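J.: Mind having a look at this structure? Questions to follow.
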Amino acid sequence: MSGFPFSAADSALGYLYQVRIALLWSLRRAKAGGDFVVSLETLDDVTFESTGGTPEELLQTKHHRNSEASLSNASGDLWKSLRVWFEGHANNQFPAGTALCLLTTGAAPKDGAAWFLRNESRDVGKALSILESTTQSSESQANAPAYAAFLAVSATARRNILDNVVVLDRAPGILTIDDDLKAEVFWTAEQKHLIPFLNRLEGWWFRRVIKQLSASPMPAGILSAELEAEMSELREQFKQDNLPIDEDLITFNLDDETQDAHAEYRFVHQLKLIDAGKKRVAAAIRDFYRAYEQRSRWLREELLLVGDLSRYERKLFEEWELIFEAAKDEIEATAAEAAKRKAARSVLAWAEMTTIAIRPGVTEPFVIRGSFHMLADETPPRIGWHPDFHDRLAEILNSSSAANPDDAAKGAAE
């Protein structure tokens, strides 16, 4: 695919880079203090404004994947950025004194115009002279509109605009920016949890950027207070008495495919065995899926250890056992099946409402409910609802195996 002439990979990486850079710079601004509003694709690639709506800093991002681009005097990256700023100035889109930053993974050649616009080797007068000469000597048709915008303003205005231009070259690429991002959030969580923390922060950031870009008619900016609130929420979730609950699981809606895929699971058979309603069964499948996925993520990210889960499941089992045996004590061994199922549904209702948390700060109900259903799905099931769930479930599974001998053989082989 690398030779595909219509590939948009570089453009896609450029947009993703822009989003990540916006987060990095927002984190730095938030740490420095002061309120701000950040937006993408408004006045510039990334725009920082005061809460009153006054532009304070415009950021152009240029990402190059395959080779180190050079910000030569006739560089397209350099002149495209200058065109945006000079035309914006002419149209009074931002006030004088607004910081204008060109951040690029490319390099500014020594003694070139971009070189003299860097903080480390700054000489705006030399940069201006070189740029003016370039407009006269360059034959680039692609740069022609930029040259025209540059020359359309007075020499004094050119100098005033360039006084605010800063070139930030050799910036980290999209694959190496992680270190910079981790450096900005290192104080928010334990070192071993920085990557999971950052993954969740970036997930929220991408969703928030999508919302900002989708707003109509004018994209609404992202408030610094929103970023700080999300950081605060994540910090709470990554404390020792808590665990993060992922947004995609909170908002997960059960679809027919997922429901059908779980139709023959043991915990579903256990629910049908006690005449649980269809909506109740669907909710159980949803919670089972959510809890299974969330627990798997915690384990993969080492936010939770296998021993932690074992202790939690033992606690769930012990609490269930008390309620289950109490329900059995209330009915006779020879009680009618309807009475047994009614008692079983009361045990299920308790499991659906109990608040036995895996950690004190983890209050999301699907973790508890789904964990019960995971115990009810083990082979053999550790818990159940019907007073005779072991025998009844064995009958159902044996009947199913007899009806599908190929599946039974496959299960035996596994």
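Identifiers for the structure tokens are assigned positionally: chains receive A, B, ... in sequence, residues are indexed from 1 per chain, and ligands are indexed from 1 in the order shown.
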Can you tell me, as a ChimeraX atom specification, what residues are no more than 12 Å from Gly384 (chain A) when counting only C-alpha atoms, ignoring any on the same chain fewer than 6 positions away?

T.: /A:266-274,317,320-321,323-325,341,343-348,351,372-378,390-393

J.: Would you write out those residues with C-alpha atoms, as an mmCIF file, in the first residue's frame?

T.:
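For reference, selection_29.cif as written:
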```cif
data_model
loop_
_atom_site.group_PDB
_atom_site.id
_atom_site.type_symbol
_atom_site.label_atom_id
_atom_site.label_comp_id
_atom_site.auth_asym_id
_atom_site.auth_seq_id
_atom_site.Cartn_x
_atom_site.Cartn_y
_atom_site.Cartn_z
ATOM 1 C CA ARG A 266 -24.225 -20.979 31.001
ATOM 2 C CA PHE A 267 -25.236 -17.805 32.808
ATOM 3 C CA VAL A 268 -27.964 -17.211 30.198
ATOM 4 C CA HIS A 269 -29.276 -20.752 30.640
ATOM 5 C CA GLN A 270 -29.341 -20.142 34.396
ATOM 6 C CA LEU A 271 -31.502 -17.058 33.893
ATOM 7 C CA LYS A 272 -33.902 -18.830 31.555
ATOM 8 C CA LEU A 273 -34.117 -21.669 34.059
ATOM 9 C CA ILE A 274 -35.821 -19.327 36.561
ATOM 10 C CA PHE A 317 -19.292 -16.033 46.402
ATOM 11 C CA TRP A 320 -24.096 -14.968 47.516
ATOM 12 C CA GLU A 321 -23.873 -18.217 49.486
ATOM 13 C CA ILE A 323 -28.396 -15.220 50.520
ATOM 14 C CA PHE A 324 -28.775 -18.399 48.450
ATOM 15 C CA GLU A 325 -28.875 -20.718 51.472
ATOM 16 C CA ARG A 341 -38.160 -20.251 40.674
ATOM 17 C CA ALA A 343 -37.143 -17.889 45.409
ATOM 18 C CA ALA A 344 -34.399 -18.006 42.782
ATOM 19 C CA ARG A 345 -35.527 -14.720 41.279
ATOM 20 C CA SER A 346 -35.282 -13.110 44.720
ATOM 21 C CA VAL A 347 -31.627 -14.201 44.932
ATOM 22 C CA LEU A 348 -31.016 -12.767 41.462
ATOM 23 C CA ALA A 351 -27.322 -9.781 43.178
ATOM 24 C CA PHE A 372 -21.832 -12.412 39.374
ATOM 25 C CA HIS A 373 -22.833 -13.573 35.901
ATOM 26 C CA MET A 374 -19.211 -14.493 35.167
ATOM 27 C CA LEU A 375 -19.224 -16.725 38.267
ATOM 28 C CA ALA A 376 -22.508 -18.210 37.076
ATOM 29 C CA ASP A 377 -20.863 -18.968 33.733
ATOM 30 C CA GLU A 378 -17.883 -20.957 35.018
ATOM 31 C CA HIS A 390 -26.233 -27.675 39.313
ATOM 32 C CA ASP A 391 -28.552 -30.538 38.356
ATOM 33 C CA ARG A 392 -30.920 -28.448 36.229
ATOM 34 C CA LEU A 393 -28.092 -26.813 34.301
#
```

J.: Residues at most 12 Å from region 123-135 of chain A, counting only C-alpha atoms, excluding those fewer than 4 positions away in the same chain, as a tab-separated table (two decimals) with N, CA and C atoms, in the first residue's frame?

T.:
```
chain	number	residue	atom	x	y	z
A	72	SER	N	13.56	25.21	3.96
A	72	SER	CA	14.39	26.09	3.15
A	72	SER	C	13.70	27.43	2.96
A	73	ASN	N	14.38	28.35	2.36
A	73	ASN	CA	13.82	29.70	2.21
A	73	ASN	C	12.57	29.72	1.33
A	74	ALA	N	12.44	28.73	0.45
A	74	ALA	CA	11.26	28.64	-0.41
A	74	ALA	C	10.38	27.45	-0.02
A	75	SER	N	10.55	26.98	1.21
A	75	SER	CA	9.79	25.83	1.69
A	75	SER	C	8.30	26.09	1.65
A	78	LEU	N	6.86	26.59	5.18
A	78	LEU	CA	7.11	27.93	5.73
A	78	LEU	C	6.18	28.95	5.11
A	79	TRP	N	6.06	28.94	3.80
A	79	TRP	CA	5.27	29.98	3.13
A	79	TRP	C	3.77	29.78	3.26
A	82	LEU	N	3.11	31.37	6.56
A	82	LEU	CA	3.17	32.83	6.46
A	82	LEU	C	1.96	33.39	5.74
A	108	ALA	N	15.19	23.46	10.30
A	108	ALA	CA	15.51	24.77	9.72
A	108	ALA	C	17.01	24.81	9.38
A	110	LYS	N	20.70	25.99	8.77
A	110	LYS	CA	21.44	27.08	9.40
A	110	LYS	C	21.55	28.28	8.47
A	111	ASP	N	21.31	29.46	9.04
A	111	ASP	CA	21.41	30.74	8.35
A	111	ASP	C	20.31	30.97	7.31
A	112	GLY	N	19.26	30.13	7.35
A	112	GLY	CA	18.11	30.38	6.49
A	112	GLY	C	17.10	31.25	7.23
A	113	ALA	N	16.04	31.66	6.55
A	113	ALA	CA	15.03	32.52	7.17
A	113	ALA	C	14.41	31.85	8.39
A	114	ALA	N	14.05	30.55	8.26
A	114	ALA	CA	13.44	29.83	9.38
A	114	ALA	C	14.41	29.73	10.55
A	115	TRP	N	15.71	29.57	10.24
A	115	TRP	CA	16.73	29.49	11.29
A	115	TRP	C	16.72	30.74	12.17
A	116	PHE	N	16.57	31.89	11.53
A	116	PHE	CA	16.61	33.15	12.27
A	116	PHE	C	15.27	33.49	12.94
A	117	LEU	N	14.27	32.64	12.73
A	117	LEU	CA	13.00	32.82	13.43
A	117	LEU	C	12.86	31.85	14.60
A	118	ARG	N	13.88	31.04	14.83
A	118	ARG	CA	13.91	30.16	16.00
A	118	ARG	C	14.26	30.96	17.25
A	119	ASN	N	13.83	30.46	18.39
A	119	ASN	CA	14.19	31.14	19.65
A	119	ASN	C	15.69	31.11	19.90
A	139	GLU	N	10.87	30.95	-8.15
A	139	GLU	CA	9.94	30.77	-9.27
A	139	GLU	C	8.81	29.80	-8.92
A	140	SER	N	8.65	29.53	-7.64
A	140	SER	CA	7.63	28.58	-7.20
A	140	SER	C	6.23	29.12	-7.43
A	141	GLN	N	5.47	28.41	-8.29
A	141	GLN	CA	4.08	28.81	-8.53
A	141	GLN	C	3.20	28.49	-7.33
A	143	ASN	N	3.98	28.76	-4.28
A	143	ASN	CA	4.17	29.78	-3.24
A	143	ASN	C	3.70	31.16	-3.66
A	144	ALA	N	3.33	31.32	-4.92
A	144	ALA	CA	3.01	32.65	-5.45
A	144	ALA	C	1.94	33.38	-4.62
A	145	PRO	N	0.84	32.72	-4.22
A	145	PRO	CA	-0.15	33.44	-3.40
A	145	PRO	C	0.42	33.90	-2.07
A	146	ALA	N	1.33	33.10	-1.49
A	146	ALA	CA	1.95	33.48	-0.23
A	146	ALA	C	2.87	34.67	-0.41
A	147	TYR	N	3.63	34.66	-1.52
A	147	TYR	CA	4.53	35.79	-1.80
A	147	TYR	C	3.70	37.07	-1.94
A	148	ALA	N	2.57	36.94	-2.63
A	148	ALA	CA	1.71	38.11	-2.86
A	148	ALA	C	1.16	38.65	-1.54
A	149	ALA	N	0.73	37.76	-0.65
A	149	ALA	CA	0.20	38.19	0.65
A	149	ALA	C	1.30	38.85	1.48
A	150	PHE	N	2.51	38.33	1.37
A	150	PHE	CA	3.66	38.87	2.11
A	150	PHE	C	4.00	40.28	1.63
A	151	LEU	N	3.99	40.45	0.32
A	151	LEU	CA	4.38	41.74	-0.26
A	151	LEU	C	3.26	42.77	-0.21
A	152	ALA	N	2.03	42.30	0.07
A	152	ALA	CA	0.87	43.20	0.06
A	152	ALA	C	0.87	44.16	1.24
A	153	VAL	N	1.63	43.87	2.27
A	153	VAL	CA	1.66	44.73	3.44
A	153	VAL	C	2.95	45.56	3.42
A	154	SER	N	2.97	46.60	4.18
A	154	SER	CA	4.13	47.49	4.22
A	154	SER	C	5.33	46.78	4.87
A	155	ALA	N	6.51	47.33	4.64
A	155	ALA	CA	7.72	46.77	5.23
A	155	ALA	C	7.64	46.78	6.75
A	156	THR	N	7.04	47.84	7.30
A	156	THR	CA	6.89	47.92	8.76
A	156	THR	C	5.97	46.82	9.28
A	157	ALA	N	4.86	46.60	8.55
A	157	ALA	CA	3.91	45.56	8.96
A	157	ALA	C	4.54	44.18	8.86
A	158	ARG	N	5.36	43.97	7.82
A	158	ARG	CA	6.05	42.69	7.70
A	158	ARG	C	6.91	42.43	8.93
A	159	ARG	N	7.66	43.44	9.32
A	159	ARG	CA	8.53	43.29	10.47
A	159	ARG	C	7.72	43.04	11.74
A	160	ASN	N	6.63	43.77	11.90
A	160	ASN	CA	5.80	43.61	13.09
A	160	ASN	C	5.21	42.20	13.18
A	161	ILE	N	4.78	41.67	12.03
A	161	ILE	CA	4.21	40.31	12.02
A	161	ILE	C	5.30	39.29	12.33
A	162	LEU	N	6.45	39.44	11.67
A	162	LEU	CA	7.53	38.47	11.88
A	162	LEU	C	8.06	38.51	13.31
A	163	ASP	N	7.94	39.65	13.97
A	163	ASP	CA	8.35	39.74	15.37
A	163	ASP	C	7.59	38.73	16.24
A	164	ASN	N	6.40	38.35	15.79
A	164	ASN	CA	5.57	37.43	16.56
A	164	ASN	C	5.67	35.98	16.07
A	165	VAL	N	6.42	35.76	15.00
A	165	VAL	CA	6.55	34.42	14.42
A	165	VAL	C	7.70	33.67	15.10
A	166	VAL	N	7.44	32.44	15.53
A	166	VAL	CA	8.46	31.59	16.11
A	166	VAL	C	8.44	30.24	15.41
A	167	VAL	N	9.58	29.79	14.93
A	167	VAL	CA	9.71	28.48	14.30
A	167	VAL	C	10.22	27.49	15.34
```

J.: Between A:Ser39, A:Thr355, A:Ser26, A:Ser138, single out the one closest to Gly53 (chain A), counting only C-alpha atoms.

T.: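 Looking only at the distances to Gly53 (chain A), the closest residue turns out to be A:Ser39.
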
J.: Neighbours of region 10-14 of chain A within 8 Å (only C-alpha atoms; same-chain residues fewer than 2 positions away dropped), as a list of chain:residue names?

T.: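 In the requested form, the answer reads A:Ser7, A:Ala8, A:Leu16, A:Tyr17, A:Gln18, A:Thr61, A:Lys62, A:His63, A:His64, A:Arg65, A:Ile174.
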
J.: Find the distance between CA of Ala30 (chain A) and CA of Ser81 (chain A) and write it in Å to one decimal.

T.: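 A separation of 25.8 Å between them.
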